[in-house]
Amino acid sequence: MIYWQLFLVFAYSNLIGFGGGPAIIPIIHHDVVEKYEWMSDQHFSESLALGNALPGPIATKMAAYVGYEQAGIIGATVAVIGAIGPTMLMMFLLVSIIMKYKHHTRVQRLTAFVLPAVTILMLQLTWQFFSSSYEGIGLFWTIGFCMASYVMMEIWKVQPMIVIVLALLAGGFLFA
Amino acid sequence: MDQKKQWQLFLSIFKAGFFAFGGGPAIIPFLQKEVVERKKLVTEEEFTTGLSLANTLPGPIATKMGGYIGYRVGGVFGLISATVATVLPSAFLMIFLLTTLNKYTKFDFVQGMTKGVLPVVTVMMFVMMLDFFKKSKKKLSVSTLVILLSASGIALFLFHVHPGIIISVLLLLALLLPVKKGDNVQ
């Protein structure tokens with residue numbers, strides 16, 4: 001049954017693939033291209049390339065597209081639910097427990113304890129985004145765009161969404 | 001839970017999801033700007049707790065964050081609406097573009113656009129990192145801060161320990177270490 005298979009493929013890959021997109025994609029590729037042969041390798045890579053250019057998490061975009069191609073809107077819905085359902089349920093349970101005990105001192109100090117690790121995590125993300133920008137458009141443009149957006153957002157206090165729209169347009173014309 | 005707030009929640013998360021170019025985690029600074037700073041739907045504290053919990057679980061970070069914020073603001077209905085708001089724009093765009101255009105070369109402009117946005121997201125991540133650093137300084141003593149920062153830094157960059165594991169360990173420490181007097185977090 002195609003719906004069940006779609007659900008399983010995306011539930012499994014998202015539960016196993018700790019660490020976001022890069023960890024999940026190879027597993028999805030294996031199931032979609034090799035195991036079930038829903039897509040050719042070429043078609044998979046092309047969809048992935050477009051998916052990477054669009055906003056949002058890659059796992060749900062791939063789920064939506066593969067699901068849609070195999071079984072229409074219902075297929076897309078089932079695949080997306082597979083991709084996010086199980087981990088969402090876990091998140092929901094974890095948060096309910098934390099909220100239930102939120103008045104305990106131990107729970108209240110949770111945030112304080114993880115702050116340094118979250119700082120380091122953001123540093124890593126900053127570095128990752130800087131590196132992919134460097135790979136895409138080189139050091140000169142990366143630093144130029146970084147400085148321009150810093151001045152706009154942090155000094156002139158322009159709304160980030162406006163800066164993003166400007167960067168999208170500039171990117172489309174300069175780097176296409 | 002009034003309708004107006006539910007609608008505000010949906011729109012804020014939809015907007016953040018729509019602008020999060022460059023992969024799932026790109027949504028983090030946009031969510032923070034929209035949901036914490038502009039609409040004040042959740043507090044900084046709640047946001048940070050959600051971010052750290054989300055990092056300890058598998059699956060895309062964007063939907064877990066969206067779902068978490070939705071649940072805190074609007075219960076189970078909020079959770080569902082926020083999840084739809086995170087997934088729908090990009091899923092729709094993906095299906096729409098791939099089924100209407102079939103020549104791969106036509107995506108060049110879209111890919112150029114994403115390249116232009118990456119530096120902006122880099123800056124937003126950087127600013128957020130500075131914020132978290134300032135908050136850590138306020139909440140923890142200098143010695144605890146130095147120890148935790150360097151320990152997480154070494155684990156992540158030198159030993160490539162998964163961030164989810166680092167955060168899980170810290171969460172467990174917060175829950176299990178004995179509570180001292182004056183240990184109350186303000």
# chains A, B, ... in the order shown; residues from 1 in each chain; ligands from 1

$ residues_around --residues "Ser96 of chain A" --least-positions-apart "6" --cutoff "12 Å" --atoms "only C-alpha atoms" --output "list in words"
Leu89, Met90 and Lys102 of chain A; Gly50, Leu53, Tyr68, Tyr71, Arg72, Gly75 and Val76 of chain B

$ write_last_selection --atoms "N, CA, C and O atoms" --output "CSV table (one decimal), in the first residue's frame"
chain,number,residue,atom,x,y,z
A,89,LEU,N,5.5,14.2,18.2
A,89,LEU,CA,4.9,13.6,19.4
A,89,LEU,C,5.9,13.6,20.5
A,89,LEU,O,5.5,13.8,21.7
A,90,MET,N,7.1,13.2,20.2
A,90,MET,CA,8.2,13.2,21.2
A,90,MET,C,8.4,14.6,21.8
A,90,MET,O,8.5,14.7,23.1
A,102,LYS,N,7.2,22.9,36.0
A,102,LYS,CA,8.0,24.2,35.7
A,102,LYS,C,8.3,25.0,37.0
A,102,LYS,O,9.1,25.9,36.9
B,50,GLY,N,12.6,25.7,24.4
B,50,GLY,CA,12.2,25.0,23.3
B,50,GLY,C,13.3,24.6,22.3
B,50,GLY,O,13.4,23.5,21.8
B,53,LEU,N,15.4,21.8,23.9
B,53,LEU,CA,14.7,20.5,23.8
B,53,LEU,C,14.6,20.0,22.4
B,53,LEU,O,14.9,18.8,22.1
B,68,TYR,N,6.3,23.5,19.0
B,68,TYR,CA,6.5,23.9,20.4
B,68,TYR,C,5.9,25.2,20.7
B,68,TYR,O,5.1,25.4,21.7
B,71,TYR,N,2.1,25.1,20.6
B,71,TYR,CA,1.5,24.4,21.7
B,71,TYR,C,1.5,25.4,22.9
B,71,TYR,O,0.5,25.5,23.7
B,72,ARG,N,2.6,26.1,23.1
B,72,ARG,CA,2.7,27.0,24.3
B,72,ARG,C,1.7,28.2,24.2
B,72,ARG,O,1.1,28.6,25.2
B,75,GLY,N,-2.3,25.8,22.8
B,75,GLY,CA,-2.6,24.4,23.0
B,75,GLY,C,-2.5,23.5,21.8
B,75,GLY,O,-1.7,23.8,20.9
B,76,VAL,N,-3.3,22.4,21.8
B,76,VAL,CA,-3.2,21.5,20.7
B,76,VAL,C,-3.5,22.1,19.4
B,76,VAL,O,-2.9,21.8,18.3

$ residues_around --residues "Lys40 of chain B" --least-positions-apart "5" --cutoff "12 Å" --atoms "only C-alpha atoms" --output "compact mmCIF listing (two decimals) with C-alpha atoms, in the first residue's frame"
# COMPACT_ATOMS: atom_id res chain seq x y z
CA LYS B 5 -4.05 35.29 18.94
CA GLN B 8 -1.38 35.98 14.87
CA LEU B 9 0.46 32.80 15.77
CA SER B 12 4.05 34.85 12.48
CA LEU B 31 11.16 32.81 14.64
CA GLN B 32 12.93 34.57 17.48
CA LYS B 33 12.44 37.99 15.85
CA GLU B 34 8.78 37.37 15.04
CA VAL B 35 7.49 35.37 17.98
CA GLU B 45 13.16 31.81 28.38
CA GLU B 46 10.46 29.71 26.77
CA PHE B 47 12.08 30.10 23.37
CA ILE B 69 5.65 27.56 20.11
CA VAL B 73 0.61 29.77 22.77

$ closest_residue --among "B:Leu79, B:Leu97, B:Ile13, B:Leu175" --to "chain A" --atoms "only C-alpha atoms"
B:Leu175

$ closest_residue --among "B:Leu118, B:Val179, B:Leu148, B:Leu156" --to "Tyr134 of chain A" --atoms "only C-alpha atoms"
B:Leu118

$ residues_around --residues "Gly23 of chain B" --least-positions-apart "3" --cutoff "9 Å" --atoms "only C-alpha atoms" --output "JSON, numbers by chain"
{"A": [20, 21, 52, 53, 54, 55, 56, 57, 58], "B": [20, 26, 27]}

$ write_last_selection --atoms "N, CA, C and O atoms" --output "mmCIF file, in the first residue's frame"
data_model
loop_
_atom_site.group_PDB
_atom_site.id
_atom_site.type_symbol
_atom_site.label_atom_id
_atom_site.label_comp_id
_atom_site.auth_asym_id
_atom_site.auth_seq_id
_atom_site.Cartn_x
_atom_site.Cartn_y
_atom_site.Cartn_z
ATOM 1 N N GLY A 20 19.393 16.854 11.398
ATOM 2 C CA GLY A 20 18.818 17.634 10.307
ATOM 3 C C GLY A 20 19.082 17.088 8.915
ATOM 4 O O GLY A 20 19.502 15.945 8.749
ATOM 5 N N GLY A 21 18.818 17.931 7.922
ATOM 6 C CA GLY A 21 18.870 17.588 6.506
ATOM 7 C C GLY A 21 20.009 16.688 6.071
ATOM 8 O O GLY A 21 19.773 15.583 5.582
ATOM 9 N N ASN A 52 16.698 22.626 -2.023
ATOM 10 C CA ASN A 52 17.689 23.355 -1.229
ATOM 11 C C ASN A 52 17.620 24.853 -1.474
ATOM 12 O O ASN A 52 18.042 25.639 -0.638
ATOM 13 N N ALA A 53 17.116 25.239 -2.630
ATOM 14 C CA ALA A 53 17.043 26.665 -2.942
ATOM 15 C C ALA A 53 15.797 27.315 -2.352
ATOM 16 O O ALA A 53 15.693 28.524 -2.309
ATOM 17 N N LEU A 54 14.858 26.510 -1.907
ATOM 18 C CA LEU A 54 13.621 27.062 -1.342
ATOM 19 C C LEU A 54 13.705 27.126 0.182
ATOM 20 O O LEU A 54 14.476 26.398 0.787
ATOM 21 N N PRO A 55 12.904 28.009 0.793
ATOM 22 C CA PRO A 55 12.956 28.112 2.256
ATOM 23 C C PRO A 55 12.379 26.879 2.939
ATOM 24 O O PRO A 55 11.688 26.083 2.313
ATOM 25 N N GLY A 56 12.691 26.743 4.243
ATOM 26 C CA GLY A 56 12.112 25.655 5.040
ATOM 27 C C GLY A 56 12.962 24.410 5.077
ATOM 28 O O GLY A 56 13.921 24.281 4.328
ATOM 29 N N PRO A 57 12.607 23.460 5.951
ATOM 30 C CA PRO A 57 13.392 22.240 6.113
ATOM 31 C C PRO A 57 13.337 21.357 4.868
ATOM 32 O O PRO A 57 12.278 21.225 4.250
ATOM 33 N N ILE A 58 14.465 20.754 4.524
ATOM 34 C CA ILE A 58 14.537 19.945 3.307
ATOM 35 C C ILE A 58 13.739 18.650 3.450
ATOM 36 O O ILE A 58 13.117 18.174 2.501
ATOM 37 N N ALA B 20 12.855 31.588 5.720
ATOM 38 C CA ALA B 20 13.982 30.789 6.208
ATOM 39 C C ALA B 20 14.708 30.079 5.076
ATOM 40 O O ALA B 20 14.597 28.870 4.926
ATOM 41 N N ALA B 26 17.729 27.793 9.536
ATOM 42 C CA ALA B 26 17.632 29.215 9.204
ATOM 43 C C ALA B 26 16.393 29.838 9.823
ATOM 44 O O ALA B 26 16.308 31.054 10.004
ATOM 45 N N ILE B 27 15.412 29.010 10.159
ATOM 46 C CA ILE B 27 14.177 29.554 10.714
ATOM 47 C C ILE B 27 14.384 30.090 12.138
ATOM 48 O O ILE B 27 13.619 30.947 12.593
#

$ select_by_dssp --residues "segment 108-183 of chain B" --states "helix (DSSP H, G or I)" --output "number ranges by chain"
B: 108-139, 142-158, 163-176

$ residues_around --residues "Asp41 of chain A" --least-positions-apart "2" --cutoff "12 Å" --atoms "only C-alpha atoms" --output "list of chain:residue names"
A:Pro26, A:Ile28, A:His29, A:His30, A:Asp31, A:Val32, A:Val33, A:Glu34, A:Lys35, A:Glu37, A:Trp38, A:Met39, A:His43, A:Phe44, A:Ser45, A:Glu46, A:Ser47, A:Leu48

$ write_last_selection --atoms "N, CA and C atoms" --output "PDB file, in the first residue's frame"
ATOM      1  N   PRO A  26      20.602  11.160   2.759  1.00  0.00           N
ATOM      2  CA  PRO A  26      21.100   9.885   2.232  1.00  0.00           C
ATOM      3  C   PRO A  26      20.139   8.720   2.500  1.00  0.00           C
ATOM      4  N   ILE A  28      16.778   8.944   2.849  1.00  0.00           N
ATOM      5  CA  ILE A  28      15.638   9.110   1.940  1.00  0.00           C
ATOM      6  C   ILE A  28      16.037   8.654   0.537  1.00  0.00           C
ATOM      7  N   HIS A  29      17.223   9.066   0.118  1.00  0.00           N
ATOM      8  CA  HIS A  29      17.717   8.700  -1.213  1.00  0.00           C
ATOM      9  C   HIS A  29      17.735   7.191  -1.379  1.00  0.00           C
ATOM     10  N   HIS A  30      18.261   6.508  -0.369  1.00  0.00           N
ATOM     11  CA  HIS A  30      18.342   5.059  -0.435  1.00  0.00           C
ATOM     12  C   HIS A  30      16.961   4.434  -0.633  1.00  0.00           C
ATOM     13  N   ASP A  31      15.991   4.856   0.169  1.00  0.00           N
ATOM     14  CA  ASP A  31      14.652   4.259   0.081  1.00  0.00           C
ATOM     15  C   ASP A  31      13.922   4.649  -1.201  1.00  0.00           C
ATOM     16  N   VAL A  32      13.983   5.929  -1.546  1.00  0.00           N
ATOM     17  CA  VAL A  32      13.196   6.432  -2.675  1.00  0.00           C
ATOM     18  C   VAL A  32      13.769   5.975  -4.018  1.00  0.00           C
ATOM     19  N   VAL A  33      15.092   6.015  -4.142  1.00  0.00           N
ATOM     20  CA  VAL A  33      15.715   5.705  -5.432  1.00  0.00           C
ATOM     21  C   VAL A  33      16.028   4.217  -5.561  1.00  0.00           C
ATOM     22  N   GLU A  34      16.653   3.639  -4.516  1.00  0.00           N
ATOM     23  CA  GLU A  34      17.120   2.262  -4.657  1.00  0.00           C
ATOM     24  C   GLU A  34      16.080   1.228  -4.242  1.00  0.00           C
ATOM     25  N   LYS A  35      15.457   1.444  -3.091  1.00  0.00           N
ATOM     26  CA  LYS A  35      14.570   0.402  -2.573  1.00  0.00           C
ATOM     27  C   LYS A  35      13.233   0.364  -3.315  1.00  0.00           C
ATOM     28  N   GLU A  37      12.322   2.490  -5.886  1.00  0.00           N
ATOM     29  CA  GLU A  37      12.476   2.971  -7.268  1.00  0.00           C
ATOM     30  C   GLU A  37      11.339   3.894  -7.683  1.00  0.00           C
ATOM     31  N   TRP A  38      11.015   4.835  -6.792  1.00  0.00           N
ATOM     32  CA  TRP A  38       9.979   5.824  -7.116  1.00  0.00           C
ATOM     33  C   TRP A  38      10.532   6.895  -8.053  1.00  0.00           C
ATOM     34  N   MET A  39      11.838   7.123  -7.956  1.00  0.00           N
ATOM     35  CA  MET A  39      12.458   8.193  -8.740  1.00  0.00           C
ATOM     36  C   MET A  39      13.782   7.709  -9.286  1.00  0.00           C
ATOM     37  N   HIS A  43      16.531  12.483 -11.294  1.00  0.00           N
ATOM     38  CA  HIS A  43      15.349  13.241 -10.889  1.00  0.00           C
ATOM     39  C   HIS A  43      15.410  13.601  -9.399  1.00  0.00           C
ATOM     40  N   PHE A  44      15.927  12.650  -8.610  1.00  0.00           N
ATOM     41  CA  PHE A  44      16.069  12.907  -7.180  1.00  0.00           C
ATOM     42  C   PHE A  44      17.022  14.079  -6.941  1.00  0.00           C
ATOM     43  N   SER A  45      18.183  14.049  -7.604  1.00  0.00           N
ATOM     44  CA  SER A  45      19.168  15.120  -7.385  1.00  0.00           C
ATOM     45  C   SER A  45      18.623  16.467  -7.829  1.00  0.00           C
ATOM     46  N   GLU A  46      17.865  16.472  -8.942  1.00  0.00           N
ATOM     47  CA  GLU A  46      17.310  17.735  -9.419  1.00  0.00           C
ATOM     48  C   GLU A  46      16.289  18.299  -8.428  1.00  0.00           C
ATOM     49  N   SER A  47      15.435  17.401  -7.915  1.00  0.00           N
ATOM     50  CA  SER A  47      14.443  17.861  -6.942  1.00  0.00           C
ATOM     51  C   SER A  47      15.131  18.373  -5.687  1.00  0.00           C
ATOM     52  N   LEU A  48      16.182  17.659  -5.275  1.00  0.00           N
ATOM     53  CA  LEU A  48      16.924  18.055  -4.085  1.00  0.00           C
ATOM     54  C   LEU A  48      17.544  19.439  -4.277  1.00  0.00           C
TER      55      LEU A  48
END

$ closest_residue --among "B:Val146, B:Ile167, B:Met124, B:Leu177" --to "Cys146 of chain A" --atoms "only C-alpha atoms"
B:Met124

$ residues_around --residues "Ala112 of chain A" --least-positions-apart "4" --cutoff "9 Å" --atoms "only C-alpha atoms" --output "list in words"
Gln108 and Pro116 of chain A; Glu45, Lys135, Ser136, Lys139, Leu140, Ala174 and Val185 of chain B

$ atom_distance --atom1 "atom CA of Ile2 of chain A" --atom2 "atom CA of Ile61 of chain B"
27.0 Å

$ decode --residues "segment 7-55 of chain A" --atoms "C-alpha atoms" --output "mmCIF file, in the first residue's frame"
data_model
loop_
_atom_site.group_PDB
_atom_site.id
_atom_site.type_symbol
_atom_site.label_atom_id
_atom_site.label_comp_id
_atom_site.auth_asym_id
_atom_site.auth_seq_id
_atom_site.Cartn_x
_atom_site.Cartn_y
_atom_site.Cartn_z
ATOM 1 C CA PHE A 7 4.597 7.151 5.712
ATOM 2 C CA LEU A 8 7.176 4.551 6.726
ATOM 3 C CA VAL A 9 9.967 5.862 4.493
ATOM 4 C CA PHE A 10 9.710 9.390 5.863
ATOM 5 C CA ALA A 11 8.990 8.435 9.466
ATOM 6 C CA TYR A 12 11.972 6.099 9.509
ATOM 7 C CA SER A 13 14.445 8.475 7.859
ATOM 8 C CA ASN A 14 13.506 11.358 10.134
ATOM 9 C CA LEU A 15 13.728 9.289 13.301
ATOM 10 C CA ILE A 16 17.076 7.771 12.380
ATOM 11 C CA GLY A 17 18.602 10.896 10.882
ATOM 12 C CA PHE A 18 19.766 12.849 13.894
ATOM 13 C CA GLY A 19 21.164 16.209 12.893
ATOM 14 C CA GLY A 20 18.818 17.634 10.307
ATOM 15 C CA GLY A 21 18.870 17.588 6.506
ATOM 16 C CA PRO A 22 22.378 16.371 5.761
ATOM 17 C CA ALA A 23 21.839 13.290 7.927
ATOM 18 C CA ILE A 24 18.371 12.519 6.576
ATOM 19 C CA ILE A 25 18.882 12.946 2.826
ATOM 20 C CA PRO A 26 21.100 9.885 2.232
ATOM 21 C CA ILE A 27 18.521 7.663 3.961
ATOM 22 C CA ILE A 28 15.638 9.110 1.940
ATOM 23 C CA HIS A 29 17.717 8.700 -1.213
ATOM 24 C CA HIS A 30 18.342 5.059 -0.435
ATOM 25 C CA ASP A 31 14.652 4.259 0.081
ATOM 26 C CA VAL A 32 13.196 6.432 -2.675
ATOM 27 C CA VAL A 33 15.715 5.705 -5.432
ATOM 28 C CA GLU A 34 17.120 2.262 -4.657
ATOM 29 C CA LYS A 35 14.570 0.402 -2.573
ATOM 30 C CA TYR A 36 11.197 1.493 -3.970
ATOM 31 C CA GLU A 37 12.476 2.971 -7.268
ATOM 32 C CA TRP A 38 9.979 5.824 -7.116
ATOM 33 C CA MET A 39 12.458 8.193 -8.740
ATOM 34 C CA SER A 40 15.544 8.029 -10.934
ATOM 35 C CA ASP A 41 18.789 9.169 -9.359
ATOM 36 C CA GLN A 42 18.871 12.134 -11.757
ATOM 37 C CA HIS A 43 15.349 13.241 -10.889
ATOM 38 C CA PHE A 44 16.069 12.907 -7.180
ATOM 39 C CA SER A 45 19.168 15.120 -7.385
ATOM 40 C CA GLU A 46 17.310 17.735 -9.419
ATOM 41 C CA SER A 47 14.443 17.861 -6.942
ATOM 42 C CA LEU A 48 16.924 18.055 -4.085
ATOM 43 C CA ALA A 49 18.745 20.953 -5.759
ATOM 44 C CA LEU A 50 15.533 22.932 -6.145
ATOM 45 C CA GLY A 51 14.448 21.983 -2.638
ATOM 46 C CA ASN A 52 17.689 23.355 -1.229
ATOM 47 C CA ALA A 53 17.043 26.665 -2.942
ATOM 48 C CA LEU A 54 13.621 27.062 -1.342
ATOM 49 C CA PRO A 55 12.956 28.112 2.256
#
